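One structure below.
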Amino acid sequence: MAKILDYPLIWLQGAGCTGCSISILNAAGPTIKNLLLEELIPGKRVSLRFHSTLMAGCGEEALTALETTRREHRGGYVLVLEGAIPTRGNGRFGSLGERQTTPVPIADRVAELGASAWTVIALGTCAAYGGIAAAAPDVCRAVGASRFFRSLGIETPLINVPGCPPHPDWFMGTLAGLLLNGLPKPEELDEFGRLKAFYGKLVHENCQRRAYYDEKKFAANPGEEGCLYELGCKGPVTHADCPVRLWNGGINWCAGCGSMCIGCASPWFPDLVSPLYEKTSDVTLPNIGAAG
Ligand code: SF4
Ligand code: SF4
C-alpha cells in the first residue's frame with residue numbers, strides 16, 4: 001500500500017472572534033471532514049495537532065501535543081494563525097498555558113511556533129494585518145503576522161489569507177496548493193502576501209452590478225437595483241474573487257444580495273475603509289473607468 005504523507009498542522013488563536021474557524025467549518029468542498037479525516041491531496045493529508053476549539057484534549061495534554069509537534073517537526077509543520085497578536089501588556093490581552101505557573105503570552109507562542117514552522121498561514125484579516133483587533137483605539141496594540149515576524153527577524157514563509165471571515169475555499173485552496181506544489185513562487189503572491197489566484201482582481205471588476213456603475217445608475221437604498229457605490233460599497237478598492245466564487249456553497253455574495261462590499265479582505269479593514277456605509281471619497285480606477 002502506498003505510503004500517505006502526513007503534514008502536521010498547528011492552529012493558534014490570538015485576538016479574534018473564532019469566526020475564521022467557523023467559516024472553515026462551513027466549507028462545502030472539500031469539507032472539514034475531508035480535511036481532518038481524509039487525504040486532502042491523493043497520498044497527502046493534514047494532521048491537526050492543536051486547535052483550541054476543535055480538539056478533544058485540554059490542559060497539559062493539549063499543550064504537550066503542541067510542544068511535541070514543534071520539537072519533533074521543526075521546519076516541517078504548518079502554523080495557521082487566526083486572530084491578531086496583542087503586543088501590549090505581556091500576556092494580559094492573550095495567553096496560552098503556563099510555564100512555572102506564569103501565563104505564556106500568545107505573542108511568545110506565535111514567535112516560537114512561527115520561527116520553527118515550515119510555513120505560516122495568517123488566516124483572516126486580523127491575523128494578516130491586525131483587522132478588527134487592531135481597530136481604534138487598539139488597546140492591546142494588535143498586529144498582524146507579517147509585521148510581528150518582521151519586528152523579530154523571523155523569516156518563515158508566510159501566506160496571508162485575509163477576509164472577515166475568509167472564504168473557506170481561500171483557505172482550503174491555499175493548503176491544498178502547499179501540499180501539492182510546496183511553497184508558492186514569489187510571483188504568485190501580491191504585495192500584501194496574498195495569493196493572486198484568490199485576490200488578484202478587484203471585487204468591482206467582476207461585480208454583476210458593474211454595468212449599473214458604468215451607466216451611473218446608483219441604488220438609493222440597500223437591496224435596490226443599481227450599483228451600491230453611493231451607499232458605501234468598497235468593491236472598487238478591495239481585492240477578492242467573491243463575485244465569481246460566491247459564498248455559502250455558491251449561493252450568493254454581498255453585493256449579489258443587495259448589501260455593500262465592506263472591504264473585509266482589505267489590508268485597510270476596518271479603520272481605513274470606514275465609515276463602512278458611507279460613500280468612499282471618489283477613487284480613480286486605472287483601466288476600468290472612474291467613479292462619478
Ligand atoms: S461599486 Fe460595488 S456594487 Fe457597484 S459595481 Fe462596484 S462592486 Fe459592484
Ligand atoms: S464582497 Fe467584500 S465584504 Fe463581502 S466577503 Fe468579499 S471582500 Fe468581504
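Each chain of the C-alpha cells is named A, B, ... in the order shown, its residues numbered from 1; ligands are numbered from 1 in display order.
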
inquiry  = Which residues are near ligand 1 in this structure, taking near to mean any atom at most 9 Å from a ligand atom and counting only C-alpha atoms and all ligand atoms? Format them as a VMD selection string.
reply    = chain A and resid 202 to 214 218 to 219 226 to 238 243 254 to 256 258 to 261 291

task = Going by DSSP on the backbone, which bits of segment 17-239 of chain A are alpha helix (DSSP H)? Write them as a PyMOL selection string, please.
result = chain A and resi 19-25+32-37+59-72+106-116+125-129+145-152+168-181+196-199+203-206+210-214

Neighbourhood of ligand 2 at 6 Å, counting only C-alpha atoms and all ligand atoms, reported as a list in words = Gly163, Ala240, Cys242, Cys254, Cys261, Ile262, Gly263, Cys264 and Ala265 of chain A

ask   = Near segment 107-115 of chain A, counting only C-alpha atoms, which residues have an atom at most 10 Å away, once you skip same-chain residues fewer than 4 positions from it, shown as a ChimeraX atom specification?
value = /A:10,12-14,66-67,69-71,74-75,77-81,84-88,90-91,93-97,119-121,142-143,145,148-149,152-158

query = Of the candidates A:Ala117, A:Ala135, A:Met55, A:Leu189, which one gets nearest to Gly16 of chain A if we count only C-alpha atoms?
reply =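 Closest residue, counting only C-alpha atoms: A:Ala135.
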
message = Please report the interatomic distance between atom CA of Ile4 of chain A and atom CA of Gly43 of chain A in Å with one decimal.
response = 4.7 Å

remark   = With distances taken over only C-alpha atoms, the candidate from A:Ile251, A:His239, A:Pro222, A:Gly76 nearest Glu278 of chain A is A:Pro222

note = Counting only C-alpha atoms, closest pick from A:Ala127, A:Ile41, A:Val46, A:Leu35 relative to Asp6 of chain A is A:Val46

task = Name the closest residue to Pro270 of chain A among the candidates A:Ala136, A:Cys20, A:Ile106, A:Leu180; distances are taken between atoms, counting only C-alpha atoms.
result = A:Ala136

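Comparing the minimum interatomic distances between Glu225 of chain A and each of A:Ala122, A:Leu246, A:Cys257, A:Cys164, counting only C-alpha atoms, we find that A:Cys257 sits nearest.
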
inquiry  = Considering only C-alpha atoms, can you say which of A:Ile159, A:Ala65, A:Leu272, A:Leu175 comes closest to Tyr7 of chain A?
reply    =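 Smallest distance to Tyr7 of chain A is found for A:Leu175.
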